[in-house]
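Visitor: Quick one: the structure is below, and I'll ask about it shortly.
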Amino acid sequence: MSTGWSPEPPRPAGRRRTPGPSTVRPAASSGRSPAAAAGQPGLRSPGQRRARRWLAGRLADPARQRSGAEGARPEAIPPELAAEAVRRHLPAVTPQEAAVQMRAVADDLTGLGPLADPARTPGVTDVLVDGDGTVWTDGMDGLRDTGRRVDAEDARRLAIRLLAQGGRRLDEGQPFGDAQVTGARVHAILPPLAAGGTQISVRLAAPEPPGLSDLARDWPHGEVWLAALRHLVQSRANLLISGATGSGKTTLLSALLSEVPADERIITVEDTRELRPRHGHVVSLQARSGNAEGAGGVPLAELVRQALRMRPDRLIVGECRGAEVADFLAAMNTGHRGAAGTLHANSATDVPARLFAMGALAGLGAEALALQASSAVDAILHLERTDAGRHPVELALVDRSGSREGTFRVVPAWSLTGRALTPGPGRDLLEAVAGAAGRRGGGRHALDR
């Protein structure tokens, strides 16, 4: 078991929950008996709660923790323990029923609990819980009401447990946060900040991260975007990926990093770890929030500075949100070619305004920011989510002709309007990126030359 994590203790005997709607109920009756329904994943019967408490006690056994058993990790429940919990406390006639019960108990103890079943639906990318307990999914079919509900007490308990499992706290003093849990990014916010009740947002990762060619296959004019992006990666251009939440920025960045040569060292810096490139040498750094006294926090800006001392071939910032942009731009100006990061923006041409705003948080004036950014950034790729899916709509190149005057502007190289892809004046700059990278230190580091 990971240090500092322990399964939720059993509820005191005096706190009995009244019978009534189950933790998650389907929209319509399936016609199954109560005993059969109790075996469905996400439906917590009294027997499942007893099995959960027994299994939690075994996982918390100090002897198991000292032995370093695999079951000590919250994400890895030994199958033999889960089977024993089911045998002791749950009716299971067939091996198939036992397997369903084992999965439900494991979900409730270390997985996504009542959200695990919707999360397993093919094509689902997000699972959301509203303040009234309604469970929604988002994905290939758009936003859908699952017809399930999570009661207020269980939603709060689930949110606290998931963030604690990811090493984050969630309480009255810190009523919001996010963490990486069981391969998913979980964000939660408690009332009264969230009106009505606890809000939970789960962003699911693909079972196998898609490659760049896999993504481009579904894009409008995918062959053009694929050629341009591979050119930027191979020429070690410094790239920013912009877009709205859910537009596919992180997925695309992971795919781009999978194209990096195998002999290069990638260091990623993220608020919550999401990047999963298919690459043999990736070092992942994750920011840390402070404790109840506000001590011990490690912000993204500090991790960017630490990453520079770890010999990165490619420095990647998962998402630029604030003052860390100053350190990131500084890193791209000190010989670290091939850097990349994401940020929120309405379009590629709006990225300079976003950078100016974030630079102000770091104490950078407009002219200083323009000088840094125009020298550091080579290209900006903007993504959108449309009826055609998540895909690039604009690639812009930085125009350095005005950099000495302290201005920062970008010019479009490719723009997608409807189904038409239009080249822009930045296309010539795109062709020249490789040469520019070579003149400004095309090797991995300034010290390599």
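Residue names in the structure tokens use chain letters A, B, ... in the order shown, residue numbers from 1 in each chain, and ligand numbers from 1 in the order shown.
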Just want the 12 Å neighbourhood of A:Glu293, counted on only C-alpha atoms, with same-chain residues fewer than 3 positions away dropped. Output as a ChimeraX atom specification.
Guide: /A:169,173-174,289-290,296-297
Visitor: Those same residues - N, CA and C atoms - I'd like them written as an mmCIF file, in the first residue's frame.
Guide:
data_model
loop_
_atom_site.group_PDB
_atom_site.id
_atom_site.type_symbol
_atom_site.label_atom_id
_atom_site.label_comp_id
_atom_site.auth_asym_id
_atom_site.auth_seq_id
_atom_site.Cartn_x
_atom_site.Cartn_y
_atom_site.Cartn_z
ATOM 1 N N ARG A 169 -5.768 16.197 -1.351
ATOM 2 C CA ARG A 169 -6.773 16.323 -0.299
ATOM 3 C C ARG A 169 -8.001 17.045 -0.832
ATOM 4 N N GLY A 173 -11.367 22.816 3.832
ATOM 5 C CA GLY A 173 -10.262 23.746 3.642
ATOM 6 C C GLY A 173 -9.734 23.769 2.224
ATOM 7 N N GLN A 174 -9.879 22.669 1.495
ATOM 8 C CA GLN A 174 -9.469 22.565 0.093
ATOM 9 C C GLN A 174 -10.616 21.888 -0.658
ATOM 10 N N SER A 289 0.060 19.947 -4.376
ATOM 11 C CA SER A 289 -0.598 20.996 -3.597
ATOM 12 C C SER A 289 -0.125 20.948 -2.157
ATOM 13 N N GLY A 290 -0.332 22.035 -1.434
ATOM 14 C CA GLY A 290 0.097 22.108 -0.039
ATOM 15 C C GLY A 290 -0.803 21.308 0.883
ATOM 16 N N GLY A 296 4.382 22.641 1.898
ATOM 17 C CA GLY A 296 4.740 21.461 1.120
ATOM 18 C C GLY A 296 4.317 21.482 -0.327
ATOM 19 N N GLY A 297 3.679 22.550 -0.777
ATOM 20 C CA GLY A 297 3.247 22.616 -2.165
ATOM 21 C C GLY A 297 4.413 22.835 -3.116
#
Visitor: As a list of chain:residue names, please: every residue in stretch 226-338 of chain A that a backbone DSSP assignment puts in strand (DSSP E or B).
Guide: A:Leu239, A:Leu240, A:Ile241, A:Ser242, A:Gly243, A:Ile266, A:Ile267, A:Thr268, A:Val269, A:Glu270, A:Val282, A:Val283, A:Ser284, A:Leu285, A:Gln286, A:Arg288, A:Val298, A:Arg314, A:Leu315, A:Ile316, A:Val317
Visitor: Please write the residues from the selection above to a file, keeping all heavy atoms, as a short mmCIF file (atom, residue, chain, number, x, y, z; two decimals), in the first residue's frame.
Guide:
data_model
loop_
_atom_site.label_atom_id
_atom_site.label_comp_id
_atom_site.auth_asym_id
_atom_site.auth_seq_id
_atom_site.Cartn_x
_atom_site.Cartn_y
_atom_site.Cartn_z
N LEU A 239 6.72 24.07 -30.06
CA LEU A 239 5.32 24.07 -30.47
C LEU A 239 4.39 24.29 -29.28
O LEU A 239 4.58 23.71 -28.21
CB LEU A 239 4.99 22.72 -31.11
CG LEU A 239 3.53 22.47 -31.52
CD1 LEU A 239 3.13 23.39 -32.67
CD2 LEU A 239 3.34 21.00 -31.91
N LEU A 240 3.39 25.14 -29.47
CA LEU A 240 2.30 25.30 -28.52
C LEU A 240 1.02 24.77 -29.17
O LEU A 240 0.74 25.06 -30.34
CB LEU A 240 2.10 26.76 -28.13
CG LEU A 240 3.24 27.42 -27.34
CD1 LEU A 240 2.90 28.89 -27.05
CD2 LEU A 240 3.50 26.67 -26.03
N ILE A 241 0.24 24.00 -28.40
CA ILE A 241 -1.03 23.46 -28.87
C ILE A 241 -2.14 24.13 -28.09
O ILE A 241 -2.16 24.07 -26.85
CB ILE A 241 -1.09 21.93 -28.68
CG1 ILE A 241 0.05 21.27 -29.44
CG2 ILE A 241 -2.44 21.39 -29.14
CD1 ILE A 241 0.15 19.77 -29.20
N SER A 242 -3.04 24.79 -28.79
CA SER A 242 -4.12 25.53 -28.12
C SER A 242 -5.46 24.91 -28.45
O SER A 242 -5.61 24.14 -29.40
CB SER A 242 -4.10 27.01 -28.55
OG SER A 242 -4.37 27.13 -29.94
N GLY A 243 -6.46 25.28 -27.66
CA GLY A 243 -7.81 24.77 -27.88
C GLY A 243 -8.62 24.85 -26.61
O GLY A 243 -8.11 25.18 -25.53
N ILE A 266 12.72 12.62 -22.80
CA ILE A 266 11.58 13.52 -22.66
C ILE A 266 11.27 13.72 -21.19
O ILE A 266 11.16 12.75 -20.44
CB ILE A 266 10.34 12.94 -23.37
CG1 ILE A 266 10.61 12.72 -24.86
CG2 ILE A 266 9.14 13.84 -23.17
CD1 ILE A 266 9.50 11.96 -25.57
N ILE A 267 11.15 14.97 -20.77
CA ILE A 267 10.73 15.28 -19.40
C ILE A 267 9.43 16.06 -19.47
O ILE A 267 9.37 17.12 -20.09
CB ILE A 267 11.80 16.07 -18.62
CG1 ILE A 267 13.08 15.22 -18.50
CG2 ILE A 267 11.28 16.45 -17.24
CD1 ILE A 267 14.16 15.86 -17.68
N THR A 268 8.39 15.51 -18.86
CA THR A 268 7.08 16.16 -18.86
C THR A 268 6.81 16.76 -17.48
O THR A 268 7.15 16.17 -16.46
CB THR A 268 5.96 15.16 -19.19
OG1 THR A 268 5.84 14.18 -18.16
CG2 THR A 268 6.25 14.46 -20.51
N VAL A 269 6.21 17.93 -17.49
CA VAL A 269 5.84 18.64 -16.26
C VAL A 269 4.34 18.91 -16.34
O VAL A 269 3.89 19.59 -17.27
CB VAL A 269 6.62 19.96 -16.11
CG1 VAL A 269 6.21 20.69 -14.85
CG2 VAL A 269 8.12 19.69 -16.12
N GLU A 270 3.58 18.39 -15.37
CA GLU A 270 2.13 18.53 -15.43
C GLU A 270 1.56 18.81 -14.05
O GLU A 270 2.14 18.42 -13.03
CB GLU A 270 1.49 17.25 -15.97
CG GLU A 270 1.90 16.88 -17.38
CD GLU A 270 1.30 15.57 -17.81
OE1 GLU A 270 0.16 15.57 -18.29
OE2 GLU A 270 1.96 14.53 -17.64
N VAL A 282 10.82 8.47 -20.87
CA VAL A 282 9.98 9.58 -20.44
C VAL A 282 10.08 9.72 -18.93
O VAL A 282 9.90 8.75 -18.19
CB VAL A 282 8.50 9.36 -20.83
CG1 VAL A 282 7.64 10.54 -20.36
CG2 VAL A 282 8.36 9.16 -22.32
N VAL A 283 10.39 10.93 -18.47
CA VAL A 283 10.42 11.24 -17.03
C VAL A 283 9.24 12.17 -16.76
O VAL A 283 9.13 13.23 -17.38
CB VAL A 283 11.74 11.91 -16.62
CG1 VAL A 283 11.71 12.27 -15.14
CG2 VAL A 283 12.92 11.00 -16.94
N SER A 284 8.36 11.77 -15.86
CA SER A 284 7.15 12.54 -15.57
C SER A 284 7.25 13.22 -14.22
O SER A 284 7.51 12.56 -13.21
CB SER A 284 5.92 11.62 -15.60
OG SER A 284 5.78 11.00 -16.86
N LEU A 285 7.04 14.54 -14.21
CA LEU A 285 7.00 15.31 -12.97
C LEU A 285 5.59 15.85 -12.79
O LEU A 285 4.98 16.34 -13.74
CB LEU A 285 8.01 16.46 -13.01
CG LEU A 285 9.47 16.10 -13.30
CD1 LEU A 285 10.34 17.37 -13.28
CD2 LEU A 285 9.99 15.09 -12.30
N GLN A 286 5.08 15.79 -11.55
CA GLN A 286 3.73 16.25 -11.27
C GLN A 286 3.74 17.22 -10.09
O GLN A 286 4.38 16.96 -9.07
CB GLN A 286 2.83 15.05 -10.94
CG GLN A 286 1.40 15.44 -10.58
CD GLN A 286 0.53 14.22 -10.34
OE1 GLN A 286 0.09 13.56 -11.27
NE2 GLN A 286 0.28 13.90 -9.07
N ARG A 288 2.51 19.42 -6.83
CA ARG A 288 1.90 18.97 -5.58
C ARG A 288 1.29 20.15 -4.85
O ARG A 288 1.90 21.22 -4.73
CB ARG A 288 2.96 18.29 -4.69
CG ARG A 288 2.39 17.68 -3.42
CD ARG A 288 3.49 16.99 -2.64
NE ARG A 288 4.45 17.93 -2.09
CZ ARG A 288 5.59 17.57 -1.52
NH1 ARG A 288 5.95 16.30 -1.48
NH2 ARG A 288 6.41 18.49 -1.03
N VAL A 298 4.36 22.20 -4.26
CA VAL A 298 5.37 22.38 -5.31
C VAL A 298 4.65 22.80 -6.58
O VAL A 298 3.99 21.98 -7.23
CB VAL A 298 6.18 21.09 -5.56
CG1 VAL A 298 7.25 21.34 -6.63
CG2 VAL A 298 6.81 20.59 -4.27
N ARG A 314 13.79 16.95 -24.66
CA ARG A 314 12.53 17.62 -24.95
C ARG A 314 11.86 17.97 -23.63
O ARG A 314 11.55 17.09 -22.83
CB ARG A 314 11.60 16.71 -25.75
CG ARG A 314 12.22 16.12 -27.02
CD ARG A 314 11.82 16.86 -28.25
NE ARG A 314 12.42 16.25 -29.44
CZ ARG A 314 12.03 16.50 -30.69
NH1 ARG A 314 11.03 17.34 -30.91
NH2 ARG A 314 12.62 15.93 -31.71
N LEU A 315 11.61 19.25 -23.41
CA LEU A 315 10.92 19.70 -22.20
C LEU A 315 9.45 19.96 -22.56
O LEU A 315 9.16 20.77 -23.45
CB LEU A 315 11.57 20.97 -21.65
CG LEU A 315 10.87 21.59 -20.43
CD1 LEU A 315 10.86 20.63 -19.25
CD2 LEU A 315 11.55 22.90 -20.05
N ILE A 316 8.56 19.30 -21.86
CA ILE A 316 7.13 19.37 -22.18
C ILE A 316 6.37 19.86 -20.95
O ILE A 316 6.51 19.29 -19.86
CB ILE A 316 6.59 17.98 -22.59
CG1 ILE A 316 7.50 17.33 -23.64
CG2 ILE A 316 5.16 18.09 -23.07
CD1 ILE A 316 7.65 18.10 -24.93
N VAL A 317 5.58 20.90 -21.12
CA VAL A 317 4.70 21.38 -20.05
C VAL A 317 3.28 21.04 -20.45
O VAL A 317 2.77 21.52 -21.47
CB VAL A 317 4.86 22.90 -19.83
CG1 VAL A 317 3.87 23.39 -18.78
CG2 VAL A 317 6.29 23.20 -19.38
#
Visitor: Nearest to A:Val393 among A:Arg161, A:Arg409, A:His221, A:His281, with distances taken over only C-alpha atoms: which residue is it?
Guide: A:His221
Visitor: In Å, how far is it from atom CA of A:Ala362 to atom CA of A:Ala331?
Guide: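 A separation of 14.7 Å between them.
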Visitor: When distances are computed from only C-alpha atoms, which of A:Pro78, A:Ala228, A:Arg354, A:Asp313 shows the smallest separation from A:Trp414?
Guide: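 Of A:Pro78, A:Ala228, A:Arg354, A:Asp313, the one nearest A:Trp414, counting only C-alpha atoms, is A:Ala228.
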Visitor: Determine, counting only C-alpha atoms, which protein, DNA and RNA residues have an atom within 12 Å of an atom of A:Leu115; residues of the same chain fewer than 6 positions away are not included. Present the result as an MDAnalysis selection string.
Guide: chainID A and resid 23:25 41:43 104 107:108 121 124 126:129 133:137 146 148:150 154:155 158:159 162 184 186 200:204
Visitor: Would you mind listing what lies within 8 Å of A:Ala82 as a ChimeraX atom specification, with only C-alpha atoms counted and same-chain residues fewer than 6 positions away left out?
Guide: /A:55,102,105-106
Visitor: Can I get the selected residues back with N, CA, C and O atoms, as a PDB file, in the first residue's frame?
Guide:
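Result saved to again.pdb:
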ATOM      1  N   LEU A  55     -12.358  -6.479   2.825  1.00  0.00           N
ATOM      2  CA  LEU A  55     -11.215  -6.330   1.932  1.00  0.00           C
ATOM      3  C   LEU A  55     -10.369  -5.130   2.320  1.00  0.00           C
ATOM      4  O   LEU A  55      -9.133  -5.183   2.289  1.00  0.00           O
ATOM      5  N   MET A 102     -16.621  -9.603  -7.814  1.00  0.00           N
ATOM      6  CA  MET A 102     -15.242  -9.215  -7.513  1.00  0.00           C
ATOM      7  C   MET A 102     -14.920  -7.863  -8.132  1.00  0.00           C
ATOM      8  O   MET A 102     -14.305  -6.998  -7.500  1.00  0.00           O
ATOM      9  N   VAL A 105     -16.724  -5.015  -6.149  1.00  0.00           N
ATOM     10  CA  VAL A 105     -16.095  -4.710  -4.859  1.00  0.00           C
ATOM     11  C   VAL A 105     -14.786  -3.953  -5.086  1.00  0.00           C
ATOM     12  O   VAL A 105     -14.482  -2.979  -4.385  1.00  0.00           O
ATOM     13  N   ALA A 106     -14.000  -4.377  -6.082  1.00  0.00           N
ATOM     14  CA  ALA A 106     -12.743  -3.679  -6.370  1.00  0.00           C
ATOM     15  C   ALA A 106     -13.005  -2.257  -6.846  1.00  0.00           C
ATOM     16  O   ALA A 106     -12.309  -1.312  -6.447  1.00  0.00           O
TER      17      ALA A 106
END
